[in-house]
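Trainee: You'll find my_file08.cif just under this line, and it carries mmCIF, C-alpha atoms.
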data_final
loop_
_atom_site.label_atom_id
_atom_site.label_comp_id
_atom_site.auth_asym_id
_atom_site.auth_seq_id
_atom_site.Cartn_x
_atom_site.Cartn_y
_atom_site.Cartn_z
CA MET A 1 -10.39 -3.17 -28.66
CA SER A 2 -7.25 -5.09 -29.21
CA ASP A 3 -8.69 -8.14 -30.86
CA SER A 4 -10.85 -6.73 -33.63
CA PRO A 5 -9.83 -8.83 -36.60
CA ALA A 6 -11.03 -6.45 -39.27
CA ILE A 7 -8.04 -4.13 -39.46
CA ALA A 8 -5.35 -4.35 -42.11
CA GLN A 9 -6.66 -7.24 -44.12
CA GLY A 10 -4.08 -7.83 -46.79
CA ALA A 11 -1.15 -6.42 -44.90
CA VAL A 12 2.13 -8.22 -45.13
CA ALA A 13 1.15 -11.73 -44.33
CA ASP A 14 2.38 -14.06 -47.03
CA ALA A 15 -0.62 -16.32 -47.00
CA ALA A 16 -4.03 -16.47 -45.42
CA HIS A 17 -3.43 -15.45 -41.89
CA GLY A 18 -5.52 -17.19 -39.30
CA HIS A 19 -5.89 -16.13 -35.75
CA GLY A 20 -4.29 -19.30 -34.55
CA GLU A 21 -0.94 -17.80 -35.44
CA HIS A 22 -0.88 -14.88 -33.05
CA PRO A 23 -2.48 -13.89 -29.75
CA PRO A 24 -5.87 -12.20 -30.10
CA TYR A 25 -4.61 -8.95 -28.60
CA GLN A 26 -1.98 -8.45 -31.26
CA ARG A 27 -3.14 -5.85 -33.75
CA HIS A 28 -2.68 -6.67 -37.39
CA HIS A 29 -0.49 -3.72 -38.25
CA PHE A 30 2.21 -5.07 -35.95
CA GLU A 31 4.37 -7.97 -36.99
CA THR A 32 5.00 -9.32 -33.51
CA VAL A 33 3.72 -8.85 -29.98
CA ASP A 34 7.12 -7.48 -29.00
CA GLN A 35 6.98 -4.86 -31.71
CA GLN A 36 3.52 -3.85 -30.52
CA ALA A 37 4.70 -3.62 -26.91
CA ASP A 38 7.74 -1.52 -27.85
CA ALA A 39 5.71 0.85 -30.00
CA THR A 40 3.07 1.49 -27.35
CA ASN A 41 5.73 1.90 -24.68
CA PHE A 42 7.50 4.47 -26.86
CA ALA A 43 4.23 6.34 -27.45
CA MET A 44 3.42 6.38 -23.74
CA TRP A 45 6.80 7.88 -22.96
CA LEU A 46 6.32 10.57 -25.60
CA PHE A 47 3.06 11.49 -23.91
CA LEU A 48 4.77 11.58 -20.50
CA LEU A 49 7.45 13.90 -21.93
CA THR A 50 4.77 16.42 -22.90
CA GLU A 51 3.51 16.13 -19.33
CA ILE A 52 7.00 16.83 -17.98
CA MET A 53 7.13 19.99 -20.12
CA PHE A 54 3.69 21.01 -18.85
CA PHE A 55 4.52 20.65 -15.16
CA GLY A 56 8.02 21.96 -15.86
CA GLY A 57 6.55 25.33 -16.79
CA LEU A 58 4.80 25.52 -13.42
CA PHE A 59 7.94 24.50 -11.55
CA THR A 60 9.96 27.15 -13.41
CA ALA A 61 7.39 29.84 -12.58
CA TYR A 62 7.55 28.78 -8.93
CA LEU A 63 11.35 28.91 -8.95
CA ILE A 64 11.50 32.41 -10.44
CA PHE A 65 8.75 33.95 -8.31
CA ARG A 66 10.18 32.39 -5.17
CA ASN A 67 13.42 34.20 -5.88
CA TRP A 68 11.68 37.49 -6.62
CA TYR A 69 9.36 37.55 -3.62
CA TYR A 70 11.41 35.41 -1.30
CA PRO A 71 10.11 36.62 2.12
CA ALA A 72 6.49 36.31 0.99
CA PHE A 73 7.03 32.79 -0.34
CA VAL A 74 8.83 31.69 2.83
CA ALA A 75 6.10 33.01 5.14
CA ALA A 76 3.31 31.64 2.97
CA SER A 77 4.85 28.17 2.81
CA HIS A 78 4.86 28.11 6.63
CA GLN A 79 1.10 27.75 6.32
CA LEU A 80 1.39 24.27 4.88
CA ASN A 81 1.17 21.35 7.27
CA ILE A 82 4.26 19.14 6.98
CA GLY A 83 2.45 16.27 8.73
CA TRP A 84 -0.27 16.06 6.10
CA GLY A 85 2.28 16.49 3.33
CA THR A 86 4.41 13.64 4.65
CA ALA A 87 1.36 11.41 5.10
CA ASN A 88 0.30 12.06 1.52
CA THR A 89 3.80 11.32 0.23
CA ALA A 90 3.70 7.96 2.03
CA VAL A 91 0.22 7.21 0.64
CA LEU A 92 1.32 7.99 -2.90
CA ILE A 93 4.53 5.98 -2.70
CA THR A 94 2.56 3.01 -1.36
CA SER A 95 0.07 3.34 -4.21
CA SER A 96 2.96 3.31 -6.69
CA PHE A 97 4.13 0.09 -5.08
CA THR A 98 0.70 -1.57 -5.32
CA MET A 99 0.50 -0.44 -8.95
CA ALA A 100 3.91 -1.96 -9.70
CA MET A 101 2.75 -5.17 -8.03
CA GLY A 102 -0.34 -5.03 -10.25
CA VAL A 103 1.88 -5.05 -13.34
CA TRP A 104 3.72 -8.05 -11.91
CA CYS A 105 0.43 -9.90 -11.29
CA ALA A 106 -0.69 -9.17 -14.86
CA GLU A 107 2.59 -10.52 -16.23
CA LEU A 108 2.21 -13.73 -14.24
CA ARG A 109 -1.53 -13.92 -15.04
CA LYS A 110 -2.71 -13.80 -11.46
CA LYS A 111 -6.20 -12.44 -11.91
CA SER A 112 -7.30 -12.01 -8.29
CA GLY A 113 -3.90 -10.55 -7.39
CA LEU A 114 -4.19 -8.02 -10.19
CA VAL A 115 -7.71 -6.99 -9.15
CA LEU A 116 -6.58 -6.65 -5.52
CA CYS A 117 -3.61 -4.47 -6.48
CA LEU A 118 -5.72 -2.23 -8.70
CA VAL A 119 -8.37 -1.84 -5.99
CA LEU A 120 -5.70 -0.95 -3.40
CA THR A 121 -4.19 1.60 -5.78
CA PHE A 122 -7.68 3.01 -6.38
CA LEU A 123 -8.33 3.33 -2.63
CA LEU A 124 -4.94 4.88 -1.87
CA GLY A 125 -5.60 7.42 -4.62
CA LEU A 126 -8.85 8.33 -2.89
CA VAL A 127 -7.05 8.65 0.48
CA PHE A 128 -4.59 11.04 -1.14
CA LEU A 129 -7.42 13.20 -2.48
CA GLY A 130 -9.16 13.07 0.91
CA ILE A 131 -6.10 14.43 2.70
CA LYS A 132 -5.70 17.07 0.00
CA THR A 133 -9.31 18.10 0.64
CA ILE A 134 -8.60 18.58 4.35
CA GLU A 135 -5.64 20.80 3.46
CA TYR A 136 -7.62 22.80 0.90
CA HIS A 137 -10.43 23.27 3.40
CA GLU A 138 -7.99 24.77 5.89
CA LYS A 139 -6.89 27.29 3.25
CA TRP A 140 -10.53 28.07 2.55
CA GLU A 141 -11.24 28.78 6.20
CA LYS A 142 -8.23 31.09 6.53
CA HIS A 143 -9.09 32.94 3.29
CA HIS A 144 -5.84 31.82 1.71
CA ILE A 145 -7.43 30.99 -1.62
CA PRO A 146 -6.40 33.65 -4.17
CA GLY A 147 -9.19 35.92 -5.34
CA MET A 148 -11.71 38.39 -4.01
CA HIS A 149 -11.72 37.09 -0.46
CA TYR A 150 -8.00 36.59 -0.06
CA SER A 151 -6.72 37.73 3.32
CA MET A 152 -3.12 38.69 4.17
CA LYS A 153 -3.81 38.89 7.87
CA SER A 154 -1.66 35.85 8.73
CA PHE A 155 1.30 37.69 7.21
CA THR A 156 0.80 41.34 8.14
CA ASP A 157 -0.15 40.27 11.68
CA PRO A 158 1.34 36.79 12.27
CA ALA A 159 0.24 36.70 15.92
CA SER A 160 -3.37 36.57 14.70
CA ASP A 161 -2.64 33.04 13.47
CA PRO A 162 -1.51 31.48 16.78
CA GLU A 163 -0.93 27.91 15.60
CA ILE A 164 1.52 28.88 12.89
CA TYR A 165 3.00 31.69 14.97
CA ALA A 166 3.85 29.33 17.82
CA GLU A 167 5.92 27.24 15.45
CA TYR A 168 7.63 29.81 13.24
CA HIS A 169 7.52 33.22 15.01
CA ASP A 170 7.36 35.06 11.69
CA LYS A 171 7.77 38.82 11.88
CA PRO A 172 4.98 41.06 10.58
CA MET A 173 5.47 41.75 6.90
CA ALA A 174 5.07 45.06 5.07
CA LEU A 175 1.95 45.23 2.94
CA ASP A 176 3.75 45.45 -0.42
CA MET A 177 5.57 42.18 0.27
CA ALA A 178 2.69 40.48 2.08
CA ARG A 179 0.46 40.84 -0.97
CA HIS A 180 2.79 38.53 -2.90
CA THR A 181 1.81 35.66 -0.61
CA GLU A 182 -1.27 35.45 -2.82
CA LEU A 183 1.02 34.51 -5.71
CA TYR A 184 2.47 31.69 -3.64
CA PHE A 185 -0.99 30.32 -2.97
CA PHE A 186 -1.92 30.77 -6.62
CA LEU A 187 1.04 28.59 -7.62
CA TYR A 188 0.32 26.19 -4.76
CA PHE A 189 -3.22 25.65 -5.99
CA ALA A 190 -2.20 25.54 -9.65
CA MET A 191 0.48 22.92 -9.05
CA THR A 192 -1.24 20.70 -6.48
CA GLY A 193 -4.55 21.24 -8.30
CA MET A 194 -3.17 20.06 -11.66
CA HIS A 195 -1.59 17.16 -9.82
CA ALA A 196 -4.95 16.34 -8.22
CA VAL A 197 -6.66 16.51 -11.62
CA HIS A 198 -4.16 13.92 -12.85
CA MET A 199 -4.99 11.79 -9.81
CA ILE A 200 -8.72 12.04 -10.51
CA ILE A 201 -8.23 11.03 -14.14
CA GLY A 202 -5.99 8.18 -12.99
CA ILE A 203 -8.56 6.97 -10.47
CA ALA A 204 -11.29 7.05 -13.12
CA ILE A 205 -9.16 4.97 -15.50
CA LEU A 206 -8.37 2.60 -12.62
CA GLY A 207 -12.10 2.03 -12.12
CA TYR A 208 -12.38 1.00 -15.77
CA LEU A 209 -9.30 -1.22 -15.52
CA ILE A 210 -10.67 -2.95 -12.40
CA VAL A 211 -13.88 -3.87 -14.25
CA ARG A 212 -11.97 -5.27 -17.20
CA ALA A 213 -9.43 -7.04 -15.00
CA GLN A 214 -12.26 -8.84 -13.21
CA VAL A 215 -13.42 -10.28 -16.52
CA GLY A 216 -9.89 -11.51 -17.05
CA ASP A 217 -8.99 -9.19 -19.92
CA PHE A 218 -5.49 -8.44 -18.66
CA THR A 219 -4.41 -11.87 -17.50
CA THR A 220 -4.13 -13.47 -20.93
CA GLY A 221 -0.62 -12.21 -21.52
CA HIS A 222 -1.91 -8.85 -22.69
CA VAL A 223 -0.23 -6.50 -20.21
CA THR A 224 0.06 -3.37 -22.35
CA TYR A 225 -2.85 -1.49 -20.78
CA ILE A 226 -1.84 -2.26 -17.22
CA GLU A 227 1.81 -1.51 -17.89
CA ASN A 228 1.19 1.81 -19.63
CA PHE A 229 -1.30 2.91 -17.04
CA GLY A 230 1.36 2.03 -14.46
CA LEU A 231 3.73 4.43 -16.24
CA TYR A 232 1.14 7.19 -15.94
CA TRP A 233 0.53 6.49 -12.25
CA HIS A 234 4.25 6.46 -11.42
CA PHE A 235 4.69 9.70 -13.34
CA VAL A 236 2.04 11.38 -11.17
CA ASP A 237 3.93 10.03 -8.16
CA ILE A 238 7.16 11.61 -9.44
CA ILE A 239 5.47 15.01 -9.77
CA TRP A 240 4.45 14.80 -6.12
CA ILE A 241 7.99 13.73 -5.13
CA PHE A 242 9.10 17.16 -6.37
CA LEU A 243 6.07 19.16 -5.24
CA PHE A 244 6.32 18.01 -1.63
CA PRO A 245 9.82 19.32 -0.80
CA LEU A 246 9.50 22.46 -2.94
CA LEU A 247 6.16 23.59 -1.51
CA TYR A 248 6.29 22.23 2.04
CA LEU A 249 9.85 21.75 3.16
CA ILE A 250 12.55 24.02 1.78
CA SER A 251 11.44 27.23 3.53
CA ARG A 252 11.06 25.85 7.01
CA HIS A 253 14.09 27.66 8.37
CA GLN A 254 14.18 30.86 6.41
CA MET B 1 -14.59 -9.58 -28.51
CA SER B 2 -13.80 -13.03 -27.28
CA GLU B 3 -13.06 -15.82 -29.60
CA GLN B 4 -12.44 -18.86 -27.51
CA ASN B 5 -9.12 -19.72 -28.94
CA GLN B 6 -7.00 -22.00 -26.92
CA HIS B 7 -3.60 -21.03 -28.15
CA GLY B 8 -3.53 -18.77 -25.15
CA GLY B 9 -1.17 -16.29 -26.73
CA ALA B 10 1.47 -17.10 -24.19
CA GLU B 11 4.80 -16.87 -25.91
CA PRO B 12 5.45 -14.14 -28.39
CA GLN B 13 7.02 -15.81 -31.42
CA SER B 14 10.17 -17.06 -29.88
CA GLN B 15 12.48 -16.48 -32.84
CA HIS B 16 12.17 -12.79 -32.00
CA THR B 17 14.67 -12.44 -29.21
CA GLU B 18 16.17 -9.05 -29.94
CA HIS B 19 14.61 -7.80 -26.70
CA GLU B 20 13.58 -10.27 -24.05
CA HIS B 21 10.63 -9.09 -22.03
CA HIS B 22 11.83 -8.69 -18.48
CA ILE B 23 9.52 -9.25 -15.54
CA VAL B 24 10.69 -7.27 -12.53
CA SER B 25 10.37 -9.29 -9.34
CA PRO B 26 8.42 -8.18 -6.25
CA VAL B 27 11.65 -8.24 -4.24
CA VAL B 28 12.97 -5.38 -6.38
CA TYR B 29 9.72 -3.44 -5.97
CA LEU B 30 9.76 -3.96 -2.22
CA THR B 31 13.38 -2.82 -1.94
CA ILE B 32 12.66 0.30 -3.97
CA VAL B 33 9.54 1.24 -2.01
CA LEU B 34 11.48 0.87 1.26
CA ILE B 35 14.24 3.13 -0.07
CA LEU B 36 11.56 5.64 -1.12
CA PHE B 37 10.15 5.63 2.43
CA VAL B 38 13.62 6.16 3.87
CA GLY B 39 14.16 9.00 1.38
CA THR B 40 10.92 10.64 2.45
CA ALA B 41 11.83 10.38 6.14
CA LEU B 42 15.29 11.73 5.34
CA THR B 43 14.03 14.76 3.44
CA VAL B 44 11.53 15.66 6.18
CA TRP B 45 14.22 15.23 8.83
CA ALA B 46 16.68 17.35 6.83
CA SER B 47 14.13 20.15 6.55
CA TYR B 48 14.16 20.51 10.35
CA ILE B 49 17.90 21.26 10.33
CA ASP B 50 18.99 24.77 9.44
CA MET B 51 21.47 24.44 6.60
CA GLY B 52 20.95 27.90 5.15
CA PRO B 53 21.11 27.82 1.36
CA TRP B 54 21.74 24.08 1.41
CA ASN B 55 18.23 23.12 2.50
CA PRO B 56 16.72 23.35 -1.00
CA VAL B 57 19.81 21.73 -2.53
CA ILE B 58 19.58 18.71 -0.21
CA ALA B 59 15.80 18.47 -0.68
CA LEU B 60 16.13 18.52 -4.48
CA ALA B 61 19.00 16.02 -4.42
CA ILE B 62 16.87 13.56 -2.42
CA ALA B 63 13.86 14.19 -4.69
CA CYS B 64 15.97 13.56 -7.81
CA THR B 65 17.30 10.32 -6.32
CA LYS B 66 13.79 9.14 -5.50
CA ALA B 67 12.51 10.08 -8.96
CA THR B 68 15.41 8.25 -10.61
CA LEU B 69 14.61 5.08 -8.67
CA VAL B 70 10.95 5.30 -9.68
CA VAL B 71 11.86 5.80 -13.34
CA LEU B 72 14.45 3.01 -13.42
CA PHE B 73 12.57 0.31 -11.51
CA PHE B 74 8.86 1.07 -11.15
CA MET B 75 8.74 2.37 -14.71
CA HIS B 76 11.07 -0.40 -15.93
CA VAL B 77 13.39 1.91 -17.84
CA LYS B 78 16.41 -0.06 -16.61
CA TYR B 79 15.00 -3.11 -18.42
CA SER B 80 13.62 -1.27 -21.45
CA THR B 81 14.74 -1.00 -25.05
CA LYS B 82 17.41 1.47 -26.12
CA LEU B 83 14.67 3.47 -27.82
CA THR B 84 12.86 4.01 -24.52
CA LYS B 85 16.07 4.87 -22.68
CA LEU B 86 17.02 7.38 -25.35
CA THR B 87 13.53 8.90 -25.28
CA VAL B 88 13.65 9.42 -21.51
CA ILE B 89 17.15 10.90 -21.57
CA CYS B 90 16.26 13.24 -24.46
CA GLY B 91 13.18 14.41 -22.59
CA ILE B 92 15.09 15.21 -19.43
CA PHE B 93 17.81 16.94 -21.43
CA VAL B 94 15.35 19.17 -23.32
CA PHE B 95 13.53 19.97 -20.08
CA LEU B 96 16.76 21.03 -18.35
CA ALA B 97 17.85 23.02 -21.41
CA LEU B 98 14.56 24.94 -21.44
CA ILE B 99 14.73 25.68 -17.70
CA GLY B 100 18.40 26.62 -17.99
CA MET B 101 17.78 29.06 -20.84
CA THR B 102 14.80 30.63 -19.09
CA LEU B 103 16.76 31.12 -15.88
CA SER B 104 19.82 32.50 -17.67
CA ASP B 105 17.54 35.10 -19.24
CA TYR B 106 16.09 36.12 -15.88
CA ILE B 107 19.51 36.27 -14.23
CA SER B 108 21.23 38.25 -16.97
CA ARG B 109 18.59 40.89 -17.65
CA ALA B 110 19.01 42.63 -14.34
CA TRP B 111 22.69 41.82 -14.11
CA GLY B 112 24.24 43.46 -11.02
CA ARG B 113 20.95 44.95 -9.87
CA TRP B 114 19.73 42.07 -7.74
#
Go ahead and express the file in the form of structure tokens.
Mentor:
Amino acid sequence: MSDSPAIAQGAVADAAHGHGEHPPYQRHHFETVDQQADATNFAMWLFLLTEIMFFGGLFTAYLIFRNWYYPAFVAASHQLNIGWGTANTAVLITSSFTMAMGVWCAELRKKSGLVLCLVLTFLLGLVFLGIKTIEYHEKWEKHHIPGMHYSMKSFTDPASDPEIYAEYHDKPMALDMARHTELYFFLYFAMTGMHAVHMIIGIAILGYLIVRAQVGDFTTGHVTYIENFGLYWHFVDIIWIFLFPLLYLISRHQ
Amino acid sequence: MSEQNQHGGAEPQSQHTEHEHHIVSPVVYLTIVLILFVGTALTVWASYIDMGPWNPVIALAIACTKATLVVLFFMHVKYSTKLTKLTVICGIFVFLALIGMTLSDYISRAWGRW
């Protein structure tokens, strides 16, 4: 990857340019390691900006539809379990911390520390997805997944859903408003689902990084991969930091 | 892949000091993660209090604070080059501009008929 010597043979170097003069992970089209680090950092941020725009569209849709069909969105969000949501927020924040510690270990060339941090991040990512699965399963059982088998019963007849009713005492909703609860769940699954897809991709990349970290690839001073993956992981954390209050919390009292 | 060169690649050429690479210490990370936990507890607690229209405002304010801390410290933007800082700020600005324009369209089309 980083140390293939074949690229850019007669670039700028004034004389014959041996590999003793720069670290093996420095690519030949960069003049210095710093320049390489800055360039990749810049590129990573550009990618994250496109991700912000992507999730931003979903957030905007949620904002507008919540204002249009306010009673439906409030009642539907009462179906989410704040306990699970809080637990998942804690799991994700902790995984961001272990990832940040991983970057620190890579910088200080602590190989076993780095592997440990990456494995912890990997496991916490799996815990997050596990909790998400429990929540999705609940929606499946109640027929709250948009589509052919969607059921509005919890909203047209709240007393039929005793657990939620005991907590919120929602009034029965007219059919033409209750049907918009399906839109809430559509956005819920679109937003948390896209977030989960990002988690799955992140966990897969983590697996690859763990294997390479064990060989010692990232404790030679070459921190770019670990650092830029860290940026991705923290970004996914930030998305959840906004999803959690918007989906779970803000309609508790309305 | 591996040539067994012993130069180790430790120091980037040291005459290049325009931007010193900053290693953020675990103490900073620990402080931030604790603040993030407090923020999470705070936002859950606040959601149990009826503040009318202020509930979403408070929730978003706490979320923005948490996100800012993550960006500045976990994502090292506080210690990054001016280029990175400018990139992040531009991105947030464009994002807010797009949301703002979209919302102003939705608000003004049905003006007075809400």
Trainee: For region 37-52 of chain B, work out the shell of residues within 6 Å, counting all atoms listed in the file and skipping chain neighbours fewer than 5 positions away, then give it as a list in words.
Mentor: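 Here the answer would be Leu249 and His253 of chain A; Ala59 of chain B.
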Trainee: Check what the PyMOL selection byres ((chain B and resi 76) around 12) selects in the file above and give those residues as a VMD selection string.
Mentor: (chain A and resid 41 45 100 103 to 104 227 to 228 230 to 231 234) or (chain B and resid 21 to 25 28 to 29 68 to 75 77 to 81 84 to 85 88)
Trainee: I'd like to see the residues matched by the PyMOL selection byres ((chain A and resi 130) around 12) on this file, and ideally I'd get them as a PyMOL selection string.
Mentor: chain A and resi 84+87-88+91+123-129+131-137+196+199-200
Trainee: Once the PyMOL selection byres ((chain A) within 8 of (chain B)) is applied to the coordinates I shared, what remains selected? I want it as a PyMOL selection string.
Mentor: chain A and resi 1+3-4+20+22-24+32-34+38+41-42+45-46+49+52-53+56+60+64+86+89-90+93-94+96-97+100-101+104+107+220-221+230-231+234+238+241-242+245-246+249-254
Trainee: Show me, as a ChimeraX atom specification, the residues that have an atom within 12 Å of Leu114 (chain A) when counting all atoms listed in the file, minus same-chain residues fewer than 2 positions from it.
Mentor: /A:98-112,116-121,206,209-219,223,226-227
Trainee: What is the distance, in Å and to one decimal place, between CA of Val197 (chain A) and CA of Ile89 (chain B)?
Mentor: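 CA of Ile89 (chain B) lies at a distance of 26.4 Å from CA of Val197 (chain A).
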Trainee: Report as a PyMOL selection string all protein, DNA and RNA residues lying within 9 Å of region 176-181 of chain A, evaluated on only C-alpha atoms, omitting residues in the same chain fewer than 6 positions from it.
Mentor: chain A and resi 69+71-77+144+151-153+155-156
Trainee: By how many Å are CA of Asn81 (chain A) and CA of Trp68 (chain A) apart?
Mentor: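 Separation between CA of Asn81 (chain A) and CA of Trp68 (chain A): 23.7 Å.
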Trainee: Please indicate the distance in Å from CA of Tyr188 (chain A) to CA of Tyr62 (chain A), rounded to one decimal place.
Mentor: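 Atom-to-atom, CA of Tyr188 (chain A) to CA of Tyr62 (chain A), that is 8.7 Å.
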Trainee: Work out where the centre of an axis-aligned box around every listed atom of region 32-36 of chain A lies and how long its edges are once 4 Å is added on each side; give both in Å to one decimal as JSON.
Mentor:
{"center_x": 5.3, "center_y": -6.6, "center_z": -31.3, "size_x": 11.6, "size_y": 13.5, "size_z": 12.5}
